[in-house]
file data.cif (mmCIF, C-alpha atoms and all ligand atoms)
data_protein
loop_
_atom_site.label_atom_id
_atom_site.label_comp_id
_atom_site.auth_asym_id
_atom_site.auth_seq_id
_atom_site.Cartn_x
_atom_site.Cartn_y
_atom_site.Cartn_z
CA MET P 254 106.67 120.36 103.01
CA THR P 255 106.40 121.94 106.45
CA SER P 256 108.61 120.82 109.33
CA ASP P 257 107.21 120.13 112.83
CA ARG P 258 108.92 123.28 114.06
CA SER P 259 107.24 125.41 111.38
CA LYS P 260 103.87 123.83 112.17
CA GLU P 261 104.27 124.88 115.79
CA LEU P 262 105.13 128.43 114.67
CA ILE P 263 102.07 128.52 112.41
CA ALA P 264 99.76 127.44 115.25
CA ARG P 265 101.29 130.10 117.52
CA MET P 266 100.89 132.71 114.80
CA LEU P 267 97.19 131.81 114.42
CA HIS P 268 96.41 131.99 118.13
CA ARG P 269 98.58 135.03 118.95
CA GLU P 270 98.30 136.09 122.62
CA MET P 271 94.50 135.67 122.72
CA ARG P 272 94.62 133.37 125.76
CA ASP P 273 95.61 136.41 127.82
CA ALA P 274 93.01 138.73 126.29
CA ALA P 275 90.19 140.22 128.38
CA PRO P 276 86.82 138.41 128.11
CA GLY P 277 84.85 140.01 125.31
CA ALA P 278 87.95 141.16 123.40
CA PRO P 279 87.53 140.84 119.61
CA LEU P 280 88.97 137.57 118.42
CA GLN P 281 90.45 139.11 115.30
CA PRO P 282 92.69 142.19 114.94
CA THR P 283 90.86 145.50 115.02
CA ILE P 284 91.39 148.01 112.23
CA ALA P 285 92.55 151.23 113.88
CA PRO P 286 92.17 154.11 111.44
CA THR P 287 93.65 156.88 113.56
CA SER P 288 96.37 159.48 113.14
CA ALA P 289 96.55 160.30 116.86
CA TYR P 290 96.06 158.53 120.21
CA HIS P 291 94.64 159.62 123.56
CA LEU P 292 97.72 161.09 125.25
CA PRO P 293 96.97 163.12 128.42
CA GLY P 294 99.96 164.59 130.30
CA SER P 295 102.90 162.20 130.00
CA THR P 296 103.91 160.86 126.58
CA ASP P 297 104.36 157.40 128.14
CA ALA P 298 101.85 155.31 126.13
CA PRO P 299 102.05 152.33 123.76
CA HIS P 300 100.98 154.52 120.83
CA GLN P 301 101.46 158.28 120.44
CA TYR P 302 101.25 159.38 116.82
CA GLY P 303 100.03 157.59 113.69
CA ARG P 304 103.24 157.73 111.70
CA TRP P 305 105.18 156.17 114.58
CA SER P 306 102.98 153.15 115.27
CA ASN P 307 99.55 151.63 114.83
CA PRO P 308 98.05 148.61 116.64
CA THR P 309 96.91 146.97 113.37
CA TRP P 310 100.49 146.97 112.07
CA THR P 311 101.81 145.78 115.41
CA THR P 312 99.51 142.75 115.24
CA LEU P 313 100.62 141.94 111.68
CA GLU P 314 104.30 142.41 112.58
CA ALA P 315 103.96 140.10 115.58
CA ALA P 316 102.38 137.43 113.34
CA ILE P 317 105.06 137.69 110.63
CA GLY P 318 107.74 137.87 113.34
CA ARG P 319 106.51 134.58 114.80
CA LEU P 320 106.99 132.83 111.46
CA GLU P 321 110.38 134.47 110.83
CA GLU P 322 111.43 133.96 114.50
CA ALA P 323 112.68 137.52 114.26
CA GLU P 324 111.51 141.11 114.59
CA ALA P 325 109.44 142.13 111.58
CA VAL P 326 108.82 145.69 110.38
CA SER P 327 105.96 146.15 107.92
CA PHE P 328 105.95 148.52 104.97
CA PRO P 329 103.24 149.58 102.51
CA SER P 330 104.93 147.63 99.67
CA GLY P 331 107.83 145.31 99.03
CA MET P 332 109.77 148.18 97.45
CA ALA P 333 109.29 150.36 100.55
CA ALA P 334 110.82 147.51 102.62
CA ILE P 335 113.68 147.13 100.14
CA ALA P 336 114.34 150.90 100.12
CA ALA P 337 114.42 150.93 103.93
CA VAL P 338 117.18 148.30 103.96
CA LEU P 339 119.27 149.84 101.17
CA PHE P 340 119.03 153.40 102.51
CA THR P 341 119.78 152.48 106.13
CA GLN P 342 122.57 149.97 105.51
CA LEU P 343 124.58 151.66 102.73
CA ARG P 344 126.62 154.87 102.94
CA PRO P 345 128.56 156.90 100.34
CA GLY P 346 131.69 154.97 99.39
CA ASP P 347 130.17 151.57 100.22
CA HIS P 348 130.13 148.76 97.70
CA ALA P 349 127.17 146.42 97.23
CA VAL P 350 126.61 143.20 95.25
CA LEU P 351 123.15 142.88 93.69
CA PRO P 352 121.66 140.27 91.36
CA ASN P 353 121.41 141.32 87.71
CA ASP P 354 118.52 138.89 87.15
CA GLY P 355 116.29 139.71 90.12
CA TYR P 356 113.39 142.11 90.62
CA ALA P 357 113.97 145.03 88.25
CA ALA P 358 112.84 147.79 90.64
CA THR P 359 115.53 146.79 93.17
CA ARG P 360 118.15 147.42 90.47
CA ALA P 361 116.43 150.65 89.45
CA LEU P 362 116.52 151.87 93.06
CA GLN P 363 120.28 151.32 93.19
CA GLU P 364 121.01 152.80 89.78
CA GLY P 365 118.65 155.77 89.98
CA HIS P 366 118.79 156.67 93.66
CA LEU P 367 121.73 155.10 95.52
CA ALA P 368 124.42 155.42 92.84
CA PRO P 369 124.08 159.24 92.81
CA TYR P 370 124.85 159.20 96.57
CA GLY P 371 128.11 157.37 95.87
CA VAL P 372 127.15 153.75 96.51
CA GLU P 373 128.88 151.48 94.02
CA THR P 374 127.37 148.19 92.92
CA THR P 375 128.48 145.08 91.11
CA PHE P 376 125.58 143.28 89.42
CA VAL P 377 126.00 139.49 89.28
CA SER P 378 123.75 136.70 88.03
CA THR P 379 122.13 134.59 90.76
CA PRO P 380 124.03 131.37 89.94
CA ALA P 381 127.33 133.33 89.83
CA MET P 382 126.80 134.44 93.47
CA ASP P 383 128.00 130.97 94.54
CA ASP P 384 131.54 131.52 93.27
CA MET P 385 131.84 135.27 93.71
CA SER P 386 134.18 136.76 96.32
CA PHE P 387 132.43 139.28 98.60
CA GLU P 388 135.70 140.90 99.79
CA GLY P 389 135.48 144.67 99.95
CA SER P 390 131.66 144.77 99.88
CA ARG P 391 129.41 146.14 102.58
CA LEU P 392 126.17 144.48 101.51
CA ILE P 393 125.29 141.36 99.52
CA TRP P 394 121.76 141.01 98.09
CA LEU P 395 120.32 137.65 97.03
CA GLU P 396 117.01 136.83 95.44
CA THR P 397 116.58 133.06 95.39
CA PRO P 398 114.75 131.65 93.53
CA SER P 399 115.10 134.76 91.39
CA ASN P 400 112.12 136.39 89.76
CA PRO P 401 111.44 135.55 86.93
CA THR P 402 114.16 133.07 85.87
CA LEU P 403 113.93 130.89 89.02
CA ASP P 404 117.67 130.53 89.35
CA VAL P 405 118.90 129.61 92.80
CA CYS P 406 122.04 130.29 94.79
CA ASP P 407 123.33 128.79 98.04
CA ILE P 408 122.26 131.03 100.96
CA ALA P 409 124.38 129.30 103.63
CA LYS P 410 127.48 129.51 101.44
CA ALA P 411 126.83 133.20 100.74
CA ALA P 412 126.36 133.82 104.48
CA THR P 413 129.76 132.25 105.28
CA LYS P 414 131.47 134.34 102.59
CA ALA P 415 129.65 137.52 103.65
CA LYS P 416 130.62 137.02 107.29
CA ALA P 417 134.28 136.50 106.34
CA ALA P 418 134.17 139.71 104.27
CA GLY P 419 132.43 141.70 107.02
CA ALA P 420 129.43 142.23 104.74
CA LEU P 421 125.71 142.08 105.52
CA LEU P 422 123.70 139.41 103.73
CA VAL P 423 120.18 140.36 102.65
CA VAL P 424 117.78 137.87 101.05
CA ASP P 425 114.64 138.86 99.13
CA ASN P 426 112.45 135.89 100.12
CA THR P 427 109.31 136.96 98.22
CA THR P 428 109.08 133.88 96.02
CA MET P 429 109.18 131.40 98.95
CA THR P 430 107.76 133.21 102.04
CA PRO P 431 108.95 132.35 105.59
CA LEU P 432 107.24 128.95 105.31
CA GLY P 433 109.10 127.92 102.15
CA GLN P 434 112.59 129.15 102.97
CA ARG P 435 114.28 130.45 106.12
CA PRO P 436 117.22 132.66 105.14
CA LEU P 437 117.83 133.90 108.72
CA ASP P 438 118.35 130.28 109.85
CA LEU P 439 120.82 129.86 106.99
CA GLY P 440 122.90 132.83 108.22
CA ALA P 441 121.39 135.85 106.45
CA ASP P 442 121.29 139.09 108.46
CA ILE P 443 118.13 140.49 106.90
CA VAL P 444 115.10 139.14 105.04
CA VAL P 445 112.96 141.40 102.87
CA ALA P 446 109.77 140.38 101.12
CA SER P 447 106.95 141.68 99.03
CA ASP P 448 103.95 140.50 101.05
CA THR P 449 101.85 141.69 98.11
CA LYS P 450 102.47 138.24 96.62
CA ALA P 451 101.89 134.88 98.33
CA LEU P 452 101.98 136.06 101.93
CA SER P 453 98.82 138.14 101.53
CA GLY P 454 97.80 135.93 98.65
CA HIS P 455 94.53 137.45 97.42
CA SER P 456 95.78 140.10 94.96
CA ASP P 457 93.93 142.76 96.94
CA VAL P 458 96.69 144.56 98.84
CA LEU P 459 100.30 145.78 98.57
CA MET P 460 102.49 145.21 101.61
CA GLY P 461 106.09 144.31 102.48
CA HIS P 462 108.29 143.54 105.44
CA VAL P 463 111.86 143.50 106.72
CA ALA P 464 112.83 140.84 109.27
CA SER P 465 116.04 140.55 111.26
CA ARG P 466 117.39 139.12 114.51
CA ASN P 467 119.83 142.03 114.85
CA ASP P 468 118.40 144.80 117.08
CA ALA P 469 120.53 147.56 115.55
CA ILE P 470 119.26 146.70 112.06
CA VAL P 471 115.63 146.48 113.21
CA ASN P 472 115.90 149.83 115.00
CA ALA P 473 117.48 151.51 111.97
CA VAL P 474 114.78 150.18 109.64
CA ARG P 475 111.96 151.17 112.01
CA ASN P 476 113.50 154.62 112.46
CA TRP P 477 113.68 154.97 108.66
CA ARG P 478 109.97 154.17 108.42
CA THR P 479 109.10 156.70 111.12
CA THR P 480 111.19 159.50 109.64
CA ALA P 481 110.79 158.81 105.90
CA GLY P 482 107.08 158.12 106.43
CA ALA P 483 106.54 155.01 104.29
CA ILE P 484 103.91 153.54 106.61
CA PRO P 485 101.27 150.87 105.91
CA GLY P 486 97.59 151.75 106.20
CA PRO P 487 95.68 149.93 108.95
CA PHE P 488 93.14 148.42 106.55
CA GLU P 489 95.97 147.09 104.35
CA ALA P 490 97.70 145.63 107.42
CA PHE P 491 94.43 143.92 108.37
CA LEU P 492 94.06 142.42 104.88
CA ALA P 493 97.65 141.15 104.89
CA HIS P 494 97.10 139.58 108.32
CA ARG P 495 93.92 137.92 107.17
CA GLY P 496 95.73 136.49 104.15
CA LEU P 497 98.70 135.33 106.24
CA GLU P 498 96.45 133.13 108.37
CA THR P 499 95.85 130.77 105.43
CA LEU P 500 99.36 130.97 103.95
CA GLU P 501 100.29 127.40 104.88
CA LEU P 502 97.15 125.89 103.35
CA ARG P 503 97.46 127.94 100.18
CA LEU P 504 101.17 127.22 99.74
CA GLU P 505 100.62 123.52 100.16
CA ARG P 506 98.03 123.40 97.38
CA MET P 507 100.04 125.75 95.15
CA CYS P 508 103.31 123.83 95.49
CA GLU P 509 101.57 120.46 95.09
CA THR P 510 99.88 121.56 91.86
CA ALA P 511 103.10 123.14 90.58
CA MET P 512 104.90 119.84 91.20
CA ARG P 513 102.22 118.07 89.10
CA LEU P 514 102.37 120.66 86.32
CA ALA P 515 106.13 121.07 85.92
CA PRO P 516 106.94 117.58 84.52
CA LEU P 517 103.80 117.66 82.38
CA LEU P 518 104.89 120.98 80.84
CA ALA P 519 108.50 119.82 80.46
CA ASP P 520 107.42 116.74 78.48
CA HIS P 521 104.87 118.51 76.27
CA PRO P 522 105.67 119.04 72.56
CA ALA P 523 104.25 122.60 72.71
CA VAL P 524 106.92 123.59 75.26
CA ALA P 525 110.54 124.46 74.42
CA GLY P 526 111.83 124.57 77.99
CA VAL P 527 110.77 124.67 81.66
CA ARG P 528 112.41 126.11 84.75
CA TYR P 529 111.18 124.70 88.05
CA PRO P 530 113.48 123.98 90.99
CA GLY P 531 111.51 120.81 91.76
CA LEU P 532 112.48 119.10 88.49
CA ALA P 533 115.45 116.78 89.07
CA THR P 534 116.90 117.97 85.75
CA ASP P 535 116.72 121.68 86.67
CA PRO P 536 120.06 123.46 87.34
CA SER P 537 118.51 124.81 90.59
CA HIS P 538 117.47 121.41 91.94
CA THR P 539 120.44 120.39 94.12
CA VAL P 540 120.66 123.66 96.04
CA ALA P 541 116.85 123.95 96.16
CA LEU P 542 116.62 120.52 97.86
CA ARG P 543 119.05 121.73 100.51
CA GLN P 544 117.52 125.08 101.39
CA MET P 545 113.87 125.20 100.26
CA ARG P 546 110.80 123.46 101.67
CA GLY P 547 108.79 122.50 98.69
CA PHE P 548 109.82 124.03 95.40
CA GLY P 549 107.48 126.98 95.17
CA PHE P 550 104.51 127.83 92.99
CA LEU P 551 106.26 129.64 90.13
CA ILE P 552 107.12 127.83 86.91
CA GLY P 553 109.04 129.35 84.00
CA VAL P 554 107.74 128.02 80.68
CA ASP P 555 109.32 128.83 77.33
CA PHE P 556 106.89 128.40 74.43
CA GLY P 557 109.51 129.24 71.79
CA SER P 558 107.72 132.32 70.47
CA ALA P 559 105.68 135.24 71.75
CA ALA P 560 102.72 134.15 69.62
CA ALA P 561 102.64 130.61 71.04
CA ALA P 562 102.99 131.96 74.59
CA GLU P 563 100.11 134.40 74.13
CA ARG P 564 97.95 131.65 72.56
CA PHE P 565 98.56 129.47 75.63
CA ILE P 566 97.62 132.24 78.09
CA ALA P 567 94.50 133.15 76.10
CA ALA P 568 93.40 129.50 75.77
CA ALA P 569 93.53 128.60 79.47
CA ALA P 570 90.22 129.23 81.24
CA PHE P 571 91.80 129.31 84.72
CA LEU P 572 94.85 131.49 84.14
CA ARG P 573 94.47 135.20 84.71
CA ALA P 574 96.57 137.28 82.38
CA ALA P 575 98.24 139.56 84.88
CA THR P 576 101.57 140.71 86.24
CA SER P 577 102.33 139.89 89.88
CA PHE P 578 102.04 136.37 91.32
CA GLY P 579 101.29 134.34 94.43
CA GLY P 580 97.51 134.86 94.43
CA VAL P 581 94.76 132.31 94.99
CA HIS P 582 93.98 132.56 91.26
CA SER P 583 96.57 131.10 88.90
CA SER P 584 98.05 133.73 86.61
CA ALA P 585 100.53 133.94 83.78
CA GLU P 586 102.38 136.49 81.74
CA ARG P 587 105.05 136.78 79.10
CA ARG P 588 107.88 138.52 80.91
CA ALA P 589 109.62 139.88 77.79
CA ARG P 590 106.73 142.36 77.48
CA TRP P 591 108.35 144.23 80.40
CA GLY P 592 111.85 143.93 78.97
CA ASP P 593 113.08 141.15 81.32
CA ALA P 594 116.17 139.40 79.98
CA VAL P 595 114.27 136.26 78.97
CA SER P 596 113.24 134.89 75.58
CA ASP P 597 110.10 136.25 73.88
CA GLY P 598 108.15 133.06 74.55
CA PHE P 599 109.02 132.84 78.28
CA VAL P 600 105.92 132.77 80.50
CA ARG P 601 106.00 133.09 84.28
CA LEU P 602 103.24 130.84 85.51
CA SER P 603 102.01 131.44 89.06
CA VAL P 604 100.10 128.40 90.25
CA GLY P 605 97.13 129.27 92.46
CA CYS P 606 94.66 127.41 94.67
CA GLU P 607 92.25 125.97 92.11
CA PRO P 608 91.53 122.25 92.64
CA THR P 609 94.63 120.54 91.24
CA ASP P 610 92.91 118.17 88.79
CA VAL P 611 90.81 120.96 87.29
CA LEU P 612 93.78 123.26 86.75
CA VAL P 613 95.95 120.46 85.34
CA ALA P 614 93.20 119.51 82.85
CA ASP P 615 92.73 123.15 81.83
CA ILE P 616 96.44 123.63 81.23
CA GLU P 617 96.68 120.38 79.26
CA ALA P 618 93.83 121.58 77.04
CA ALA P 619 95.49 124.98 76.56
CA LEU P 620 98.76 123.28 75.56
CA GLN P 621 96.85 121.24 72.99
CA THR P 622 95.44 124.48 71.54
CA VAL P 623 98.97 125.80 71.06
CA LEU P 624 99.87 122.68 69.05
CA GLU P 625 96.75 122.79 66.90
CA ARG P 626 97.28 126.24 65.42
C1 LIG P 701 106.94 142.13 93.62
C2 LIG P 701 108.34 142.00 94.12
C3 LIG P 701 108.96 143.05 94.80
C4 LIG P 701 108.30 144.40 95.00
O1 LIG P 701 107.17 144.32 95.78
P1 LIG P 701 105.95 145.38 95.73
O2 LIG P 701 105.06 144.90 96.80
O3 LIG P 701 105.38 145.34 94.35
O4 LIG P 701 106.56 146.72 96.02
C5 LIG P 701 110.25 142.84 95.28
N1 LIG P 701 110.90 141.68 95.09
C6 LIG P 701 110.34 140.66 94.42
C7 LIG P 701 111.11 139.39 94.24
C8 LIG P 701 109.05 140.78 93.92
O5 LIG P 701 108.52 139.78 93.23
#
call {"tool": "encode", "arguments": {"input": "data.cif", "output": "structure tokens"}}
result
Amino acid sequence: MTSDRSKELIARMLHREMRDAAPGAPLQPTIAPTSAYHLPGSTDAPHQYGRWSNPTWTTLEAAIGRLEEAEAVSFPSGMAAIAAVLFTQLRPGDHAVLPNDGYAATRALQEGHLAPYGVETTFVSTPAMDDMSFEGSRLIWLETPSNPTLDVCDIAKAATKAKAAGALLVVDNTTMTPLGQRPLDLGADIVVASDTKALSGHSDVLMGHVASRNDAIVNAVRNWRTTAGAIPGPFEAFLAHRGLETLELRLERMCETAMRLAPLLADHPAVAGVRYPGLATDPSHTVALRQMRGFGFLIGVDFGSAAAAERFIAAAAFLRAATSFGGVHSSAERRARWGDAVSDGFVRLSVGCEPTDVLVADIEAALQTVLER
């Protein structure tokens, strides 16, 4: 799943600049819980005030930046990262294109907070992005694969169209992480992600980041964080960094197990339909092959009814009933309970790090339970 180039980036991320560290320096990042820094006389110092910078974030940002091959700016949640991009890159009178099937809070931010400032938006389904003209728009937002339907659109094609229209292309890369998909390499201007999910991976912290290779964008986003004040806590940054160090290992297991489970689910009589970009029959497959590394750890499973879906979740010993995804523990939930535009029996299954054979056997047994009732 991982290219040689990515492997090199992962090794560099793990070792950071420790070769140049002073003897006796702590091997791992220190948690710096401080609002102020020692600042005698001149203000010329690497850190001055706690809302402006913190060495624990800087270490995390350098690590994420290595994987993105870009500048990364960390935020205390994915939504704080998303807000930073929308509020710095859009002005009254601008037009944006957003997915109508992506993360609901991104749409809510536009409708509830940007629209009143005079930013107009066209909402389009993820597959329809491929044929949509971006003329007249300032900003194009993609979420691919989209959460929760796992539809995919062509990032490189969108980048070409956005460039021709003079628009910025932003990709929410939460579902794939920088190891599973590299939107900046495909021509996107900005990546945003909820690092709450697979990047941190242990369901114990909220975090997010913005990454870009454009200095003006990075400066605007960092300035937004400093002035609006949506800053990560040092302990949270430490936890995210600690999780990031095992991202490759976790993703490998998660994607491998998902690839085992998807065909098994698709062929099972208890299941009405499956969405997984790794299935050759899935509408997302062709584009996914081109732009994703591995096919991710999320599977959409339609059980035909809410009751059957809930029976499945309750029957599995190794599925946590929870919202959110990307953790070491497999989890599942029926998305219609939040009002997502999916059928009542649609379950988003997030495949975790349990030993593959054990999880597969557990899920097979749970499927059997659904049939038996
Ligand atoms: C969870 C999620 C977000 C929001 O992230 P938080 O860390 O919960 O603020 C944004 N986009 C996608 C695709 C997500 O799954």
call {"tool": "atom_distance", "arguments": {"input": "data.cif", "atom1": "atom CA of P:Gly531", "atom2": "atom CA of P:Ala451"}}
result
18.3 Å
call {"tool": "closest_residue", "arguments": {"input": "data.cif", "among": "P:Arg475, P:Arg601, P:Lys414, P:Lys450", "to": "P:Met385", "atoms": "all atoms listed in the file"}}
result
P:Lys414
call {"tool": "residues_near_ligand", "arguments": {"input": "data.cif", "ligand": "ligand LIG 701 (chain P)", "cutoff": "6 Å", "atoms": "only C-alpha atoms and all ligand atoms", "output": "list in words"}}
result
Ser330, Gly331, Met332, Tyr356, Asn400, Thr427, Ser447, Thr449, Leu459, Met460 and Gly461 of chain P
call {"tool": "closest_residue", "arguments": {"input": "data.cif", "among": "P:Gln434, P:Gln621, P:Thr576, P:Ser288", "to": "P:Gly549", "atoms": "only C-alpha atoms"}}
result
P:Gln434
call {"tool": "residues_around", "arguments": {"input": "data.cif", "residues": "stretch 376-381 of chain P", "least_positions_apart": "2", "cutoff": "9 Å", "atoms": "all atoms listed in the file", "output": "count of residues only"}}
result
22
call {"tool": "closest_residue", "arguments": {"input": "data.cif", "among": "P:Ala523, P:Ile470, P:Ala333, P:Ala361", "to": "P:Thr622", "atoms": "all atoms listed in the file"}}
result
P:Ala523
call {"tool": "residues_around", "arguments": {"input": "data.cif", "residues": "P:Arg391", "least_positions_apart": "2", "cutoff": "8 Å", "atoms": "only C-alpha atoms", "output": "ChimeraX atom specification"}}
result
/P:343,347-349,389,393,419-421
call {"tool": "residues_around", "arguments": {"input": "data.cif", "residues": "P:Leu518", "least_positions_apart": "3", "cutoff": "8 Å", "atoms": "only C-alpha atoms", "output": "PyMOL selection string"}}
result
chain P and resi 514-515+521+524+527+554
call {"tool": "axis_aligned_box", "arguments": {"input": "data.cif", "around": "stretch 607-615 of chain P", "padding_each_side": "5 Å", "output": "JSON"}}
result
{"center_x": 93.4, "center_y": 122.1, "center_z": 87.2, "size_x": 15.1, "size_y": 17.8, "size_z": 20.8}
call {"tool": "atom_distance", "arguments": {"input": "data.cif", "atom1": "atom CA of P:Thr510", "atom2": "atom CA of P:Val604"}}
result
7.0 Å
call {"tool": "closest_residue", "arguments": {"input": "data.cif", "among": "P:Gly440, P:Gly547, P:Pro522, P:Gly580", "to": "P:Thr499", "atoms": "only C-alpha atoms"}}
result
P:Gly580
call {"tool": "atom_distance", "arguments": {"input": "data.cif", "atom1": "atom CA of P:Phe565", "atom2": "atom CA of P:Ser584"}}
result
11.8 Å
call {"tool": "residues_around", "arguments": {"input": "data.cif", "residues": "stretch 294-299 of chain P", "least_positions_apart": "4", "cutoff": "9 Å", "atoms": "only C-alpha atoms", "output": "PyMOL selection string"}}
result
chain P and resi 290+306+308
call {"tool": "residues_around", "arguments": {"input": "data.cif", "residues": "P:Ala568", "least_positions_apart": "2", "cutoff": "10 Å", "atoms": "all atoms listed in the file", "output": "PyMOL selection string"}}
result
chain P and resi 562-566+570-572+615-616+618-623
call {"tool": "residues_near_point", "arguments": {"input": "data.cif", "point": "(92.7, 117.7, 91.3)", "cutoff": "12 Å", "atoms": "only C-alpha atoms", "output": "PyMOL selection string"}}
result
chain P and resi 506-507+509-511+513-514+606-615
call {"tool": "closest_residue", "arguments": {"input": "data.cif", "among": "P:Lys410, P:Glu498, P:Ala289, P:Val445", "to": "P:Met382", "atoms": "all atoms listed in the file"}}
result
P:Lys410
call {"tool": "closest_atom_pairs", "arguments": {"input": "data.cif", "of": "stretch 413-530 of chain P", "to": "stretch 255-273 of chain P", "cutoff": "8 Å", "atoms": "all atoms listed in the file", "output": "tab-separated table"}}
result
residue	atom	partner	partner_atom	distance
P:Leu432	CA	P:Ser259	CA	7.0
P:Gly433	CA	P:Thr255	CA	7.8
P:Glu498	CA	P:Leu267	CA	6.2
P:Glu501	CA	P:Ile263	CA	7.8
call {"tool": "closest_residue", "arguments": {"input": "data.cif", "among": "P:Ala483, P:Val423, P:Ala315, P:Leu492", "to": "P:Asp442", "atoms": "all atoms listed in the file"}}
result
P:Val423
call {"tool": "residues_near_point", "arguments": {"input": "data.cif", "point": "(108.8, 135.9, 76.6)", "cutoff": "12 Å", "atoms": "only C-alpha atoms", "output": "MDAnalysis selection string"}}
result
chainID P and resid 401:402 525:526 553:563 566 585:602
call {"tool": "build_atoms", "arguments": {"input": "data.cif", "residues": "stretch 454-460 of chain P", "atoms": "all heavy atoms", "output": "short mmCIF file (atom, residue, chain, number, x, y, z; two decimals), in the coordinates of the input"}}
result
data_model
loop_
_atom_site.label_atom_id
_atom_site.label_comp_id
_atom_site.auth_asym_id
_atom_site.auth_seq_id
_atom_site.Cartn_x
_atom_site.Cartn_y
_atom_site.Cartn_z
N GLY P 454 98.35 137.02 99.44
CA GLY P 454 97.80 135.93 98.65
C GLY P 454 96.48 136.13 97.93
O GLY P 454 96.04 135.23 97.24
N HIS P 455 95.83 137.29 98.06
CA HIS P 455 94.53 137.45 97.42
C HIS P 455 94.50 138.55 96.38
O HIS P 455 93.42 138.97 95.94
CB HIS P 455 93.44 137.68 98.48
CG HIS P 455 93.22 136.49 99.35
ND1 HIS P 455 94.13 136.09 100.30
CD2 HIS P 455 92.21 135.60 99.41
CE1 HIS P 455 93.69 135.01 100.90
NE2 HIS P 455 92.52 134.67 100.37
N SER P 456 95.68 139.06 96.00
CA SER P 456 95.78 140.10 94.96
C SER P 456 94.92 141.31 95.28
O SER P 456 94.39 141.95 94.37
CB SER P 456 95.39 139.53 93.58
OG SER P 456 96.05 138.31 93.34
N ASP P 457 94.77 141.62 96.58
CA ASP P 457 93.93 142.76 96.94
C ASP P 457 94.66 143.80 97.79
O ASP P 457 94.05 144.75 98.27
CB ASP P 457 92.65 142.30 97.65
CG ASP P 457 92.94 141.42 98.86
OD1 ASP P 457 94.13 141.26 99.22
OD2 ASP P 457 91.98 140.91 99.46
N VAL P 458 95.98 143.63 97.98
CA VAL P 458 96.69 144.56 98.84
C VAL P 458 98.18 144.56 98.50
O VAL P 458 98.72 143.53 98.08
CB VAL P 458 96.47 144.18 100.33
CG1 VAL P 458 97.08 142.84 100.69
CG2 VAL P 458 96.97 145.25 101.27
N LEU P 459 98.83 145.73 98.64
CA LEU P 459 100.30 145.78 98.57
C LEU P 459 100.83 145.91 99.99
O LEU P 459 100.27 146.65 100.81
CB LEU P 459 100.78 146.98 97.74
CG LEU P 459 100.65 146.75 96.23
CD1 LEU P 459 99.46 147.47 95.69
CD2 LEU P 459 101.93 147.16 95.52
N MET P 460 101.90 145.18 100.27
CA MET P 460 102.49 145.21 101.61
C MET P 460 103.89 144.60 101.51
O MET P 460 104.17 143.85 100.56
CB MET P 460 101.61 144.40 102.58
CG MET P 460 101.89 144.57 104.06
SD MET P 460 101.67 146.22 104.70
CE MET P 460 99.91 146.35 104.67
#
